[in-house]
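J.: structure_36.pdb (PDB, C-alpha atoms and all ligand atoms) pasted underneath:
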MODEL        1
ATOM      1  CA  MET A   1       1.097  -1.268  12.846
ATOM      2  CA  SER A   2       0.498  -2.493   9.337
ATOM      3  CA  LYS A   3      -3.054  -3.069   8.199
ATOM      4  CA  SER A   4      -4.407  -5.533   5.711
ATOM      5  CA  HIS A   5      -7.629  -7.084   4.553
ATOM      6  CA  LYS A   6      -8.439 -10.210   2.570
ATOM      7  CA  THR A   7     -10.187 -10.230  -0.754
ATOM      8  CA  ARG A   8     -11.569 -13.052  -2.886
ATOM      9  CA  ILE A   9      -9.758 -13.684  -6.115
ATOM     10  CA  ILE A  10     -10.277 -16.009  -9.061
ATOM     11  CA  CYS A  11      -7.187 -17.430 -10.717
ATOM     12  CA  PRO A  12      -7.206 -16.208 -14.340
ATOM     13  CA  ASN A  13      -5.447 -19.395 -15.390
ATOM     14  CA  CYS A  14      -7.514 -22.191 -13.785
ATOM     15  CA  GLN A  15     -10.492 -20.207 -12.366
ATOM     16  CA  THR A  16      -9.893 -21.587  -8.862
ATOM     17  CA  PRO A  17     -11.156 -19.170  -6.191
ATOM     18  CA  GLY A  18      -8.692 -18.087  -3.554
ATOM     19  CA  GLU A  19      -7.858 -15.343  -1.066
ATOM     20  CA  PHE A  20      -5.427 -12.495  -1.484
ATOM     21  CA  GLU A  21      -4.151 -10.266   1.302
ATOM     22  CA  ILE A  22      -4.184  -6.565   0.451
ATOM     23  CA  TRP A  23      -1.971  -4.348   2.589
ATOM     24  CA  ASP A  24      -3.658  -0.997   3.228
ATOM     25  CA  SER A  25      -0.629   0.320   5.050
ATOM     26  CA  ILE A  26       2.848  -0.933   5.782
ATOM     27  CA  ASN A  27       4.901   0.013   8.805
ATOM     28  CA  ALA A  28       8.545  -0.444   7.907
ATOM     29  CA  ASP A  29       9.743  -0.343  11.503
ATOM     30  CA  LEU A  30       7.287  -2.825  12.985
ATOM     31  CA  ASP A  31       7.070  -5.130   9.963
ATOM     32  CA  PRO A  32      10.469  -5.149   8.252
ATOM     33  CA  GLU A  33       9.549  -8.307   6.316
ATOM     34  CA  LEU A  34       6.730  -6.360   4.636
ATOM     35  CA  ARG A  35       9.221  -3.705   3.634
ATOM     36  CA  GLU A  36      11.218  -6.366   1.828
ATOM     37  CA  LYS A  37       8.110  -7.757   0.159
ATOM     38  CA  LEU A  38       7.044  -4.291  -0.938
ATOM     39  CA  PHE A  39      10.339  -3.453  -2.596
ATOM     40  CA  SER A  40      10.583  -6.887  -4.194
ATOM     41  CA  GLU A  41       6.917  -6.351  -5.245
ATOM     42  CA  ASP A  42       5.978  -9.728  -3.725
ATOM     43  CA  ILE A  43       3.017  -8.167  -1.914
ATOM     44  CA  PHE A  44       1.490  -7.389  -5.328
ATOM     45  CA  ILE A  45       1.715 -10.984  -6.562
ATOM     46  CA  TYR A  46      -0.995 -13.580  -6.063
ATOM     47  CA  GLU A  47       0.186 -17.162  -6.466
ATOM     48  CA  CYS A  48      -2.599 -19.632  -7.151
ATOM     49  CA  PRO A  49      -2.452 -22.528  -4.653
ATOM     50  CA  GLN A  50      -4.014 -24.796  -7.265
ATOM     51  CA  CYS A  51      -1.872 -24.259 -10.364
ATOM     52  CA  GLY A  52       0.894 -21.944  -9.164
ATOM     53  CA  HIS A  53       0.015 -19.252 -11.694
ATOM     54  CA  LYS A  54       1.235 -15.817 -10.592
ATOM     55  CA  THR A  55      -0.991 -12.791 -11.070
ATOM     56  CA  GLY A  56       0.002  -9.192 -10.464
ATOM     57  CA  ILE A  57      -2.557  -7.391  -8.297
ATOM     58  CA  THR A  58      -2.419  -3.614  -8.403
ATOM     59  CA  TYR A  59      -3.601  -1.693  -5.362
ATOM     60  CA  ASP A  60      -2.666   1.418  -3.411
ATOM     61  CA  THR A  61      -0.808   1.200  -0.155
ATOM     62  CA  ILE A  62       0.843   3.529   2.310
ATOM     63  CA  TYR A  63       4.408   2.941   3.343
ATOM     64  CA  HIS A  64       5.303   4.396   6.697
ATOM     65  CA  ASP A  65       8.840   4.687   8.001
ATOM     66  CA  MET A  66       8.705   5.919  11.614
ATOM     67  CA  GLN A  67      12.443   5.833  12.133
ATOM     68  CA  HIS A  68      13.121   8.161   9.212
ATOM     69  CA  LYS A  69       9.789   9.987   9.633
ATOM     70  CA  PHE A  70       8.280   9.729   6.215
ATOM     71  CA  MET A  71       5.370   8.189   4.394
ATOM     72  CA  ILE A  72       5.060   7.146   0.798
ATOM     73  CA  PHE A  73       1.744   6.644  -0.926
ATOM     74  CA  PHE A  74       2.207   3.873  -3.463
ATOM     75  CA  SER A  75      -0.337   4.041  -6.235
ATOM     76  CA  PHE A  76      -0.675   2.288  -9.551
ATOM     77  CA  PHE A  77      -3.407   4.629 -10.647
ATOM     78  CA  LYS A  78      -1.652   7.952 -11.121
ATOM     79  CA  ALA A  79      -0.978   9.665 -14.413
ATOM     80  CA  ASP A  80       2.546   9.247 -15.718
ATOM     81  CA  ASP A  81       3.241  12.940 -15.221
ATOM     82  CA  TYR A  82       1.850  13.046 -11.669
ATOM     83  CA  SER A  83       4.014  15.295  -9.506
ATOM     84  CA  TYR A  84       5.345  13.377  -6.508
ATOM     85  CA  GLU A  85       6.390  16.345  -4.455
ATOM     86  CA  PRO A  86       6.874  16.012  -0.712
ATOM     87  CA  LEU A  87       3.690  16.803   1.186
ATOM     88  CA  ASP A  88       3.437  19.822   3.434
ATOM     89  CA  LEU A  89       2.536  18.488   6.897
ATOM     90  CA  SER A  90       2.225  21.856   8.634
ATOM     91  CA  ASP A  91      -1.549  22.089   8.197
ATOM     92  CA  VAL A  92      -2.177  18.528   9.367
ATOM     93  CA  PRO A  93      -1.259  18.507  13.059
ATOM     94  CA  MET A  94      -3.409  15.438  13.729
ATOM     95  CA  LEU A  95      -1.027  13.330  11.729
ATOM     96  CA  MET A  96       1.681  13.751  14.333
ATOM     97  CA  LYS A  97      -0.255  11.894  16.993
ATOM     98  CA  ASP A  98      -2.441   9.719  14.810
ATOM     99  CA  TYR A  99      -0.610   7.784  12.151
ATOM    100  CA  THR A 100      -3.613   5.901  10.910
ATOM    101  CA  LEU A 101      -4.459   5.029   7.357
ATOM    102  CA  ASN A 102      -7.365   7.455   7.423
ATOM    103  CA  SER A 103      -5.314  10.486   8.382
ATOM    104  CA  ALA A 104      -2.776   9.590   5.721
ATOM    105  CA  MET A 105      -5.520   9.342   3.133
ATOM    106  CA  ILE A 106      -6.831  12.772   4.115
ATOM    107  CA  LEU A 107      -3.326  14.150   3.879
ATOM    108  CA  PHE A 108      -2.947  12.716   0.415
ATOM    109  CA  GLN A 109      -6.264  14.057  -0.786
ATOM    110  CA  SER A 110      -5.577  17.540   0.548
ATOM    111  CA  ALA A 111      -2.276  17.545  -1.305
ATOM    112  CA  GLN A 112      -4.021  16.549  -4.522
ATOM    113  CA  ARG A 113      -6.297  19.571  -4.445
ATOM    114  CA  ARG A 114      -3.467  22.051  -4.931
TER     115      ARG A 114
HETATM  116 ZN    ZN B   1      -4.759 -21.335 -10.834
ENDMDL
END
I need this file expressed as structure tokens, please.

T.:
Amino acid sequence: MSKSHKTRIICPNCQTPGEFEIWDSINADLDPELREKLFSEDIFIYECPQCGHKTGITYDTIYHDMQHKFMIFFSFFKADDYSYEPLDLSDVPMLMKDYTLNSAMILFQSAQRR
């Protein structure tokens, strides 16, 4: 299941307040339309309902493909030379039965420490 939360946003063009949906995790199998929006980057665009101005919103999200058994941590906040090596799952048995955002975050952080 994909998870999201809403955040308040102010249009930088006309200063009209609005709401933007941030996707904390995306399940490609259960929400194929989100997969499309992720790869087209539409989920990172806020369109002001007042003036139509489009603003790019950068946030981290986890992409989860159950069918092909992989996760991708999308982040805008990594150094350019960050090494995106596949994560070793052998020391994280809980992930196999609990595919929540939290376990994925722990997995990511443990990989960062190496
Ligand atoms: Zn606006």

J.: So which residues are near ligand ZN 1 (chain B), meaning at most 9 Å away with all atoms listed in the file counted, given back as a ChimeraX atom specification?

T.: /A:10-18,47-54

J.: Quick one: distance from atom CA of A:Asp29 to atom CA of A:Tyr46 in Å, one decimal?

T.: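 These atoms are spaced 24.5 Å apart.
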
J.: The residues within 9 Å of (-6.6, -5.9, 3.7), using all atoms listed in the file and the coordinates of the file, should be reported as a VMD selection string; which are they?

T.: chain A and resid 3 to 7 20 to 25

J.: Run the PyMOL selection byres (((chain A and resi 30) around 10) and not hetatm) on the file and write out the hits as a ChimeraX atom specification.

T.: /A:1-2,26-29,31-35,64-66

J.: Restricting the output to C-alpha atoms, write the selected residues as an mmCIF file, keeping the file's coordinate frame.

T.:
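Output file part-v1.cif follows:
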data_model
loop_
_atom_site.group_PDB
_atom_site.id
_atom_site.type_symbol
_atom_site.label_atom_id
_atom_site.label_comp_id
_atom_site.auth_asym_id
_atom_site.auth_seq_id
_atom_site.Cartn_x
_atom_site.Cartn_y
_atom_site.Cartn_z
ATOM 1 C CA MET A 1 1.097 -1.268 12.846
ATOM 2 C CA SER A 2 0.498 -2.493 9.337
ATOM 3 C CA ILE A 26 2.848 -0.933 5.782
ATOM 4 C CA ASN A 27 4.901 0.013 8.805
ATOM 5 C CA ALA A 28 8.545 -0.444 7.907
ATOM 6 C CA ASP A 29 9.743 -0.343 11.503
ATOM 7 C CA ASP A 31 7.070 -5.130 9.963
ATOM 8 C CA PRO A 32 10.469 -5.149 8.252
ATOM 9 C CA GLU A 33 9.549 -8.307 6.316
ATOM 10 C CA LEU A 34 6.730 -6.360 4.636
ATOM 11 C CA ARG A 35 9.221 -3.705 3.634
ATOM 12 C CA HIS A 64 5.303 4.396 6.697
ATOM 13 C CA ASP A 65 8.840 4.687 8.001
ATOM 14 C CA MET A 66 8.705 5.919 11.614
#

J.: Find the distance between atom CA of A:Gln67 and atom CA of A:Ile45 and write it in Å to one decimal.

T.: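 Result for atom CA of A:Gln67 versus atom CA of A:Ile45: 27.3 Å, one decimal.
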
J.: Which is closest to A:Glu41 among A:Asp81, A:Glu19, A:Met71, A:Gly56, if we use only C-alpha atoms?

T.: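 Going through A:Asp81, A:Glu19, A:Met71, A:Gly56 one by one, the smallest distance to A:Glu41 is for A:Gly56.
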
J.: For the atom pair atom CA of A:Ser75 and atom CA of A:Arg8, what is the interatomic distance in Å to one decimal place?

T.: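 Here the two named atoms are 20.7 Å from each other.
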
J.: Take stretch 38-72 of chain A, model N, CA and C atoms, and hand the result over as a compact mmCIF listing (two decimals), in the coordinates of the input.

T.:
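Saved to result-v5.txt:
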# COMPACT_ATOMS: atom_id res chain seq x y z
N LEU A 38 7.51 -5.43 -0.15
CA LEU A 38 7.04 -4.29 -0.94
C LEU A 38 8.06 -3.96 -2.03
N PHE A 39 9.33 -3.87 -1.62
CA PHE A 39 10.34 -3.45 -2.60
C PHE A 39 10.68 -4.55 -3.60
N SER A 40 10.42 -5.80 -3.22
CA SER A 40 10.58 -6.89 -4.19
C SER A 40 9.29 -7.08 -4.99
N GLU A 41 8.24 -6.31 -4.61
CA GLU A 41 6.92 -6.35 -5.24
C GLU A 41 6.18 -7.66 -4.99
N ASP A 42 6.65 -8.46 -4.04
CA ASP A 42 5.98 -9.73 -3.72
C ASP A 42 4.57 -9.52 -3.17
N ILE A 43 4.35 -8.38 -2.49
CA ILE A 43 3.02 -8.17 -1.91
C ILE A 43 1.98 -7.86 -2.99
N PHE A 44 2.43 -7.65 -4.23
CA PHE A 44 1.49 -7.39 -5.33
C PHE A 44 1.31 -8.62 -6.23
N ILE A 45 1.81 -9.76 -5.76
CA ILE A 45 1.72 -10.98 -6.56
C ILE A 45 0.83 -12.01 -5.86
N TYR A 46 -0.17 -12.48 -6.56
CA TYR A 46 -1.00 -13.58 -6.06
C TYR A 46 -0.54 -14.86 -6.74
N GLU A 47 -0.21 -15.87 -5.91
CA GLU A 47 0.19 -17.16 -6.47
C GLU A 47 -0.92 -18.16 -6.20
N CYS A 48 -1.48 -18.70 -7.26
CA CYS A 48 -2.60 -19.63 -7.15
C CYS A 48 -2.14 -20.91 -6.45
N PRO A 49 -2.85 -21.31 -5.37
CA PRO A 49 -2.45 -22.53 -4.65
C PRO A 49 -2.75 -23.78 -5.47
N GLN A 50 -3.62 -23.65 -6.45
CA GLN A 50 -4.01 -24.80 -7.26
C GLN A 50 -3.01 -25.07 -8.39
N CYS A 51 -2.70 -24.04 -9.17
CA CYS A 51 -1.87 -24.26 -10.36
C CYS A 51 -0.55 -23.52 -10.30
N GLY A 52 -0.37 -22.66 -9.30
CA GLY A 52 0.89 -21.94 -9.16
C GLY A 52 1.04 -20.73 -10.06
N HIS A 53 -0.03 -20.42 -10.80
CA HIS A 53 0.02 -19.25 -11.69
C HIS A 53 0.16 -17.97 -10.88
N LYS A 54 1.03 -17.07 -11.31
CA LYS A 54 1.24 -15.82 -10.59
C LYS A 54 0.53 -14.68 -11.31
N THR A 55 -0.23 -13.91 -10.53
CA THR A 55 -0.99 -12.79 -11.07
C THR A 55 -0.59 -11.52 -10.34
N GLY A 56 -0.30 -10.48 -11.08
CA GLY A 56 0.00 -9.19 -10.46
C GLY A 56 -1.28 -8.49 -10.06
N ILE A 57 -1.38 -8.10 -8.80
CA ILE A 57 -2.56 -7.39 -8.30
C ILE A 57 -2.14 -5.96 -8.00
N THR A 58 -2.79 -5.01 -8.64
CA THR A 58 -2.42 -3.61 -8.40
C THR A 58 -3.36 -2.99 -7.38
N TYR A 59 -2.80 -2.42 -6.35
CA TYR A 59 -3.60 -1.69 -5.36
C TYR A 59 -2.73 -0.63 -4.71
N ASP A 60 -3.39 0.34 -4.08
CA ASP A 60 -2.67 1.42 -3.41
C ASP A 60 -2.29 1.00 -1.99
N THR A 61 -1.17 1.45 -1.54
CA THR A 61 -0.81 1.20 -0.16
C THR A 61 0.04 2.36 0.37
N ILE A 62 0.05 2.47 1.68
CA ILE A 62 0.84 3.53 2.31
C ILE A 62 2.02 2.91 3.03
N TYR A 63 3.18 3.40 2.72
CA TYR A 63 4.41 2.94 3.34
C TYR A 63 4.83 3.97 4.38
N HIS A 64 5.02 3.49 5.59
CA HIS A 64 5.30 4.40 6.70
C HIS A 64 6.61 4.00 7.37
N ASP A 65 7.55 4.91 7.36
CA ASP A 65 8.84 4.69 8.00
C ASP A 65 8.94 5.63 9.20
N MET A 66 8.71 5.08 10.41
CA MET A 66 8.70 5.92 11.61
C MET A 66 10.11 6.39 11.95
N GLN A 67 11.07 5.51 11.76
CA GLN A 67 12.44 5.83 12.13
C GLN A 67 12.96 7.04 11.35
N HIS A 68 12.66 7.06 10.06
CA HIS A 68 13.12 8.16 9.21
C HIS A 68 12.04 9.21 8.97
N LYS A 69 10.87 9.00 9.62
CA LYS A 69 9.79 9.99 9.63
C LYS A 69 9.31 10.38 8.23
N PHE A 70 8.92 9.40 7.48
CA PHE A 70 8.28 9.73 6.22
C PHE A 70 7.26 8.67 5.83
N MET A 71 6.37 9.10 4.95
CA MET A 71 5.37 8.19 4.39
C MET A 71 5.44 8.26 2.87
N ILE A 72 5.16 7.15 2.26
CA ILE A 72 5.06 7.15 0.80
C ILE A 72 3.72 6.53 0.44
